[in-house]
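Engineer: Let me begin by handing over the structure; questions about it come next.
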Amino acid sequence: MVVAMDKRSNVNGDPGAGDRNKKGEGFDPSAQPPFKIGDIRAAIPKHCWVKSPLRSMSYVVRDICAVAALAVAAVYFNSWFLWPLYWAAQGTLYWAIFVLGHDCGHGSFSDIPLLNSVVGHILHSFILVPYHGWRISHRTHHQNHGHVENDESWVPLPERVYKNLPHSTRMLRYTVPLPMLAYPLYLCYRSPGKEGSHFNPYSSLFAPSERKLIATSTTCWSIMFVTLIALSFIFGPLSVLKVYGVPYIIFVMWLDAVTYLHHHGHDEKLPWYRGKEWSN
C-alpha cells in the first residue's frame with residue numbers, strides 16, 4: 001500500500017472528511033488512509049485464505065479445454081464470419097490463462113511451490129510470457145507500487161527522460177492505440193527510462209541467485225516460440241496467425257488495458273510518489 005508521507009491533513013481518516021465530501025471537496029486519493037494492511041487482512045474471512053490445489057487445477061483444466069475447443073471449432077468451420085468472434089473469445093481466454101499463471105506467481109494458486117512453478121510455466125509459456133522473469137518483476141511492482149523510480153507498471157516519466165526518448169519509442173509507447181500492444185516490448189526492454197530484459201538472467205531485474213530460474217523460464221518461452229515457427233512451416237503462417245496470433249494480440253490488449261486502469265484510476269488519478277514521500 002502506498003502512503004503519502006507529507007504534512008497535509010489526513011482527509012480520509014479525518015472525522016470531518018464526510019462533511020467536507022458532502023460539500024463537494026470529494027475523496028483525496030493522496031491522503032494517508034485510516035487503516036493498515038493488517039486491518040484489511042483481518043477483515044477478510046479465514047476461509048478466503050484457504051488454497052485448494054484441486055479447485056485451482058479445475059480452473060486450469062476448464063480453461064485449457066475451452067481454448068482447445070474454440071481452436072478446433074474455428075479450424076473446422078473456417079468461416080470469415082466466425083473468425084472475429086473466435087478471436088475475441090479466444091483472446092479473452094488467453095487473458096484468463098494469464099490470470100491463472102499470475103496466481104501461480106503470487107503463490108495464491110496453491111501452497112505447493114513446485115506445483116505453482118510447473119503450472120505457471122506451462123500456462124505462461126503458452127502465451128509467450130517468461131514465467132519467472134515476469135513473476136520477479138511483478139513482485140518488484142507490488143513492493144514498490146506508486147513509486148516513480150522503482151515501480152514497474154506504467155510508471156510516469158520525468159520530463160527530462162521523456163524528452164530524451166527516441167521518436168520511435170515515444171510513438172510506440174505513448175501514441176494511442178499502440179500502447180495497448182506494449183507488453184511484448186516491456187518484456188524485452190522494460191519501461192522507457194529503465195534497462196534490462198525479462199529474458200536475460202543477468203538483467204538488473206534479478207539477483208544472482210535467481211539466474212537459473214530466469215534461464216529455465218526463457219528456455220520454456222523459447223520452446224513455445226520455436227513451436228509456433230514450426231507450425232507456421234507445417235500449416236502456413238496465415239493459419240497460425242488466425243488460430244494463435246490474433247488471439248494473442250487481443251490478450252495483450254486486455255493485459256495492457258486492465259493493468260493501466262487498475263493502477264491509474266479513471267476520473268480520479270491515483271497518486272505517485274518520489275523518494276521519502278513513498279512508504280509501504
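Identifiers for the C-alpha cells are assigned positionally: chains receive A, B, ... in sequence, residues are indexed from 1 per chain, and ligands are indexed from 1 in the order shown.
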Within 8 Å of range 252-265 of chain A, which residues of range 161-227 of chain A show up? Give each one with its shortest atom-to-atom distance in Å (one decimal) and the two atoms involved, counting only C-alpha atoms, rows by chain then rising residue number, as JSON lines.
Structural biologist:
{"residue": "A:Pro179", "atom": "CA", "partner": "A:Asp256", "partner_atom": "CA", "distance": 7.6}
{"residue": "A:Met180", "atom": "CA", "partner": "A:Met253", "partner_atom": "CA", "distance": 5.0}
{"residue": "A:Leu181", "atom": "CA", "partner": "A:Met253", "partner_atom": "CA", "distance": 5.8}
{"residue": "A:Ala182", "atom": "CA", "partner": "A:Asp256", "partner_atom": "CA", "distance": 7.2}
{"residue": "A:Tyr183", "atom": "CA", "partner": "A:Val252", "partner_atom": "CA", "distance": 6.4}
Engineer: Write out as a short mmCIF file (atom, residue, chain, number, x, y, z; two decimals) with N, CA and C atoms, in the first residue's frame each polymer residue whose atoms come within 6 Å of range 214-217 of chain A, counting only C-alpha atoms; drop sequence neighbours fewer than 3 positions from it.
Structural biologist:
data_model
loop_
_atom_site.label_atom_id
_atom_site.label_comp_id
_atom_site.auth_asym_id
_atom_site.auth_seq_id
_atom_site.Cartn_x
_atom_site.Cartn_y
_atom_site.Cartn_z
N PRO A 130 7.59 -15.15 -20.10
CA PRO A 130 8.60 -15.86 -19.32
C PRO A 130 8.21 -15.87 -17.84
N TYR A 131 7.83 -17.02 -17.32
CA TYR A 131 7.17 -17.10 -16.03
C TYR A 131 7.97 -16.46 -14.90
N HIS A 132 9.19 -16.94 -14.64
CA HIS A 132 9.95 -16.39 -13.52
C HIS A 132 10.37 -14.94 -13.79
N GLY A 133 10.70 -14.64 -15.04
CA GLY A 133 11.07 -13.26 -15.35
C GLY A 133 9.95 -12.31 -15.02
N PRO A 201 19.11 -13.64 -17.82
CA PRO A 201 19.39 -13.99 -16.42
C PRO A 201 20.30 -12.98 -15.72
N ARG A 211 19.25 -16.41 -11.30
CA ARG A 211 19.62 -16.56 -12.71
C ARG A 211 19.18 -17.89 -13.30
N CYS A 220 11.76 -22.26 -21.62
CA CYS A 220 10.37 -22.67 -21.87
C CYS A 220 9.71 -21.74 -22.88
#
Engineer: So which residues touch Trp272 in chain A within 7 Å, counting only C-alpha atoms, skipping near sequence neighbours fewer than 6 positions away, as JSON, numbers by chain?
Structural biologist: {"A": [146, 147, 148]}
Engineer: Could you name the residues that touch range 50-57 of chain A at 7 Å or less, counting only C-alpha atoms, but leaving out those on the same chain fewer than 3 positions away, as a list in words?
Structural biologist: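 Counting only the stated atoms, we get His47, Val60, Val61, Ser108, Phe109, Ser110 and Asp111 of chain A.
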Engineer: Please, which residues of range 122-189 of chain A, numbered as in this document, come out alpha helix (DSSP H) from DSSP, as a PyMOL selection string?
Structural biologist: chain A and resi 122-126+131-143+159-163+167-174+183-189
Engineer: For those residues, write C-alpha atoms to a file as a compact mmCIF listing (two decimals), in the first residue's frame.
Structural biologist:
# COMPACT_ATOMS: atom_id res chain seq x y z
CA ILE A 122 3.00 -24.25 -18.80
CA LEU A 123 0.37 -21.52 -18.80
CA HIS A 124 2.62 -18.51 -19.24
CA SER A 125 4.89 -20.12 -21.81
CA PHE A 126 1.81 -20.91 -23.91
CA TYR A 131 7.17 -17.10 -16.03
CA HIS A 132 9.95 -16.39 -13.52
CA GLY A 133 11.07 -13.26 -15.35
CA TRP A 134 7.58 -11.83 -15.12
CA ARG A 135 6.98 -13.19 -11.59
CA ILE A 136 10.04 -11.49 -10.14
CA SER A 137 9.47 -8.14 -11.82
CA HIS A 138 5.79 -8.33 -10.80
CA ARG A 139 6.91 -8.88 -7.21
CA THR A 140 9.06 -5.76 -7.55
CA HIS A 141 6.00 -3.89 -8.80
CA HIS A 142 3.93 -4.85 -5.77
CA GLN A 143 6.76 -3.97 -3.40
CA GLU A 159 10.02 15.33 -18.39
CA ARG A 160 13.79 15.19 -18.91
CA VAL A 161 13.62 11.42 -19.54
CA TYR A 162 10.65 11.73 -21.89
CA LYS A 163 12.35 14.43 -23.98
CA HIS A 167 10.90 9.30 -31.54
CA SER A 168 10.13 5.64 -32.28
CA THR A 169 9.89 4.86 -28.55
CA ARG A 170 7.56 7.82 -27.94
CA MET A 171 5.32 6.71 -30.79
CA LEU A 172 5.18 3.04 -29.77
CA ARG A 173 4.69 3.71 -26.07
CA TYR A 174 2.56 6.86 -25.98
CA TYR A 183 3.56 -5.68 -23.29
CA PRO A 184 5.94 -7.69 -25.53
CA LEU A 185 8.19 -4.62 -25.69
CA TYR A 186 8.09 -4.33 -21.92
CA LEU A 187 9.17 -7.96 -21.55
CA CYS A 188 12.13 -7.36 -23.86
CA TYR A 189 13.20 -3.86 -22.81
Engineer: With only C-alpha atoms as the counted atoms, please give the residues lying no more than 12 Å from Asp63 in chain A, apart from itself and same-chain residues fewer than 6 positions off, as a compact mmCIF listing (two decimals) with N, CA, C and O atoms, in the first residue's frame.
Structural biologist:
# COMPACT_ATOMS: atom_id res chain seq x y z
N SER A 56 -8.06 -25.13 -7.83
CA SER A 56 -7.24 -24.33 -8.74
C SER A 56 -7.00 -25.07 -10.04
O SER A 56 -7.12 -24.51 -11.14
N MET A 57 -6.66 -26.37 -9.94
CA MET A 57 -6.41 -27.16 -11.14
C MET A 57 -7.67 -27.34 -11.97
O MET A 57 -7.60 -27.47 -13.19
N ALA A 69 -11.17 -26.32 -27.47
CA ALA A 69 -12.45 -26.46 -28.16
C ALA A 69 -12.70 -25.32 -29.14
O ALA A 69 -13.16 -25.53 -30.27
N LEU A 70 -12.38 -24.11 -28.71
CA LEU A 70 -12.56 -22.96 -29.60
C LEU A 70 -11.67 -23.06 -30.83
O LEU A 70 -12.09 -22.78 -31.96
N ALA A 89 -13.19 -14.14 -28.40
CA ALA A 89 -13.39 -15.12 -27.32
C ALA A 89 -12.07 -15.77 -26.91
O ALA A 89 -11.77 -15.89 -25.72
N GLN A 90 -11.26 -16.16 -27.88
CA GLN A 90 -10.01 -16.84 -27.57
C GLN A 90 -9.01 -15.88 -26.92
O GLN A 90 -8.29 -16.25 -25.98
N THR A 92 -9.73 -13.43 -25.01
CA THR A 92 -10.18 -13.28 -23.62
C THR A 92 -9.80 -14.50 -22.79
O THR A 92 -9.41 -14.38 -21.62
N LEU A 93 -9.87 -15.68 -23.40
CA LEU A 93 -9.45 -16.90 -22.69
C LEU A 93 -7.94 -16.90 -22.45
O LEU A 93 -7.47 -17.38 -21.41
N TYR A 94 -7.17 -16.36 -23.39
CA TYR A 94 -5.72 -16.24 -23.16
C TYR A 94 -5.47 -15.34 -21.93
O TYR A 94 -4.54 -15.58 -21.16
N TRP A 95 -6.29 -14.32 -21.80
CA TRP A 95 -6.18 -13.46 -20.62
C TRP A 95 -6.49 -14.25 -19.36
O TRP A 95 -5.83 -14.10 -18.33
N ALA A 96 -7.49 -15.13 -19.43
CA ALA A 96 -7.80 -15.99 -18.29
C ALA A 96 -6.63 -16.92 -17.96
O ALA A 96 -6.31 -17.16 -16.78
N ILE A 97 -5.96 -17.43 -19.00
CA ILE A 97 -4.77 -18.27 -18.80
C ILE A 97 -3.69 -17.47 -18.09
O ILE A 97 -3.02 -17.96 -17.17
N PHE A 98 -3.52 -16.22 -18.49
CA PHE A 98 -2.52 -15.36 -17.83
C PHE A 98 -2.85 -15.17 -16.36
O PHE A 98 -1.96 -15.20 -15.51
N VAL A 99 -4.12 -14.95 -16.05
CA VAL A 99 -4.53 -14.71 -14.66
C VAL A 99 -4.23 -15.93 -13.79
O VAL A 99 -3.77 -15.80 -12.65
N LEU A 100 -4.44 -17.13 -14.33
CA LEU A 100 -4.11 -18.34 -13.57
C LEU A 100 -2.60 -18.42 -13.32
O LEU A 100 -2.16 -18.76 -12.21
N GLY A 101 -1.81 -18.10 -14.33
CA GLY A 101 -0.36 -18.07 -14.14
C GLY A 101 0.05 -16.98 -13.17
O GLY A 101 1.01 -17.14 -12.39
N LEU A 123 1.36 -22.51 -18.40
CA LEU A 123 0.37 -21.52 -18.80
C LEU A 123 1.01 -20.28 -19.41
O LEU A 123 0.60 -19.82 -20.49
Engineer: Write out as a ChimeraX atom specification each polymer residue whose atoms come within 12 Å of Pro113 in chain A, counting only C-alpha atoms; drop sequence neighbours fewer than 6 positions from it.
Structural biologist: /A:53,103-107,119-120
Engineer: From the set A:Val155, A:Leu114, A:Ala207, A:Ala88, which residue has the shortest atom-to-atom contact distance to Val67 in chain A, counting only C-alpha atoms?
Structural biologist: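 Smallest distance to Val67 in chain A is found for A:Ala88.
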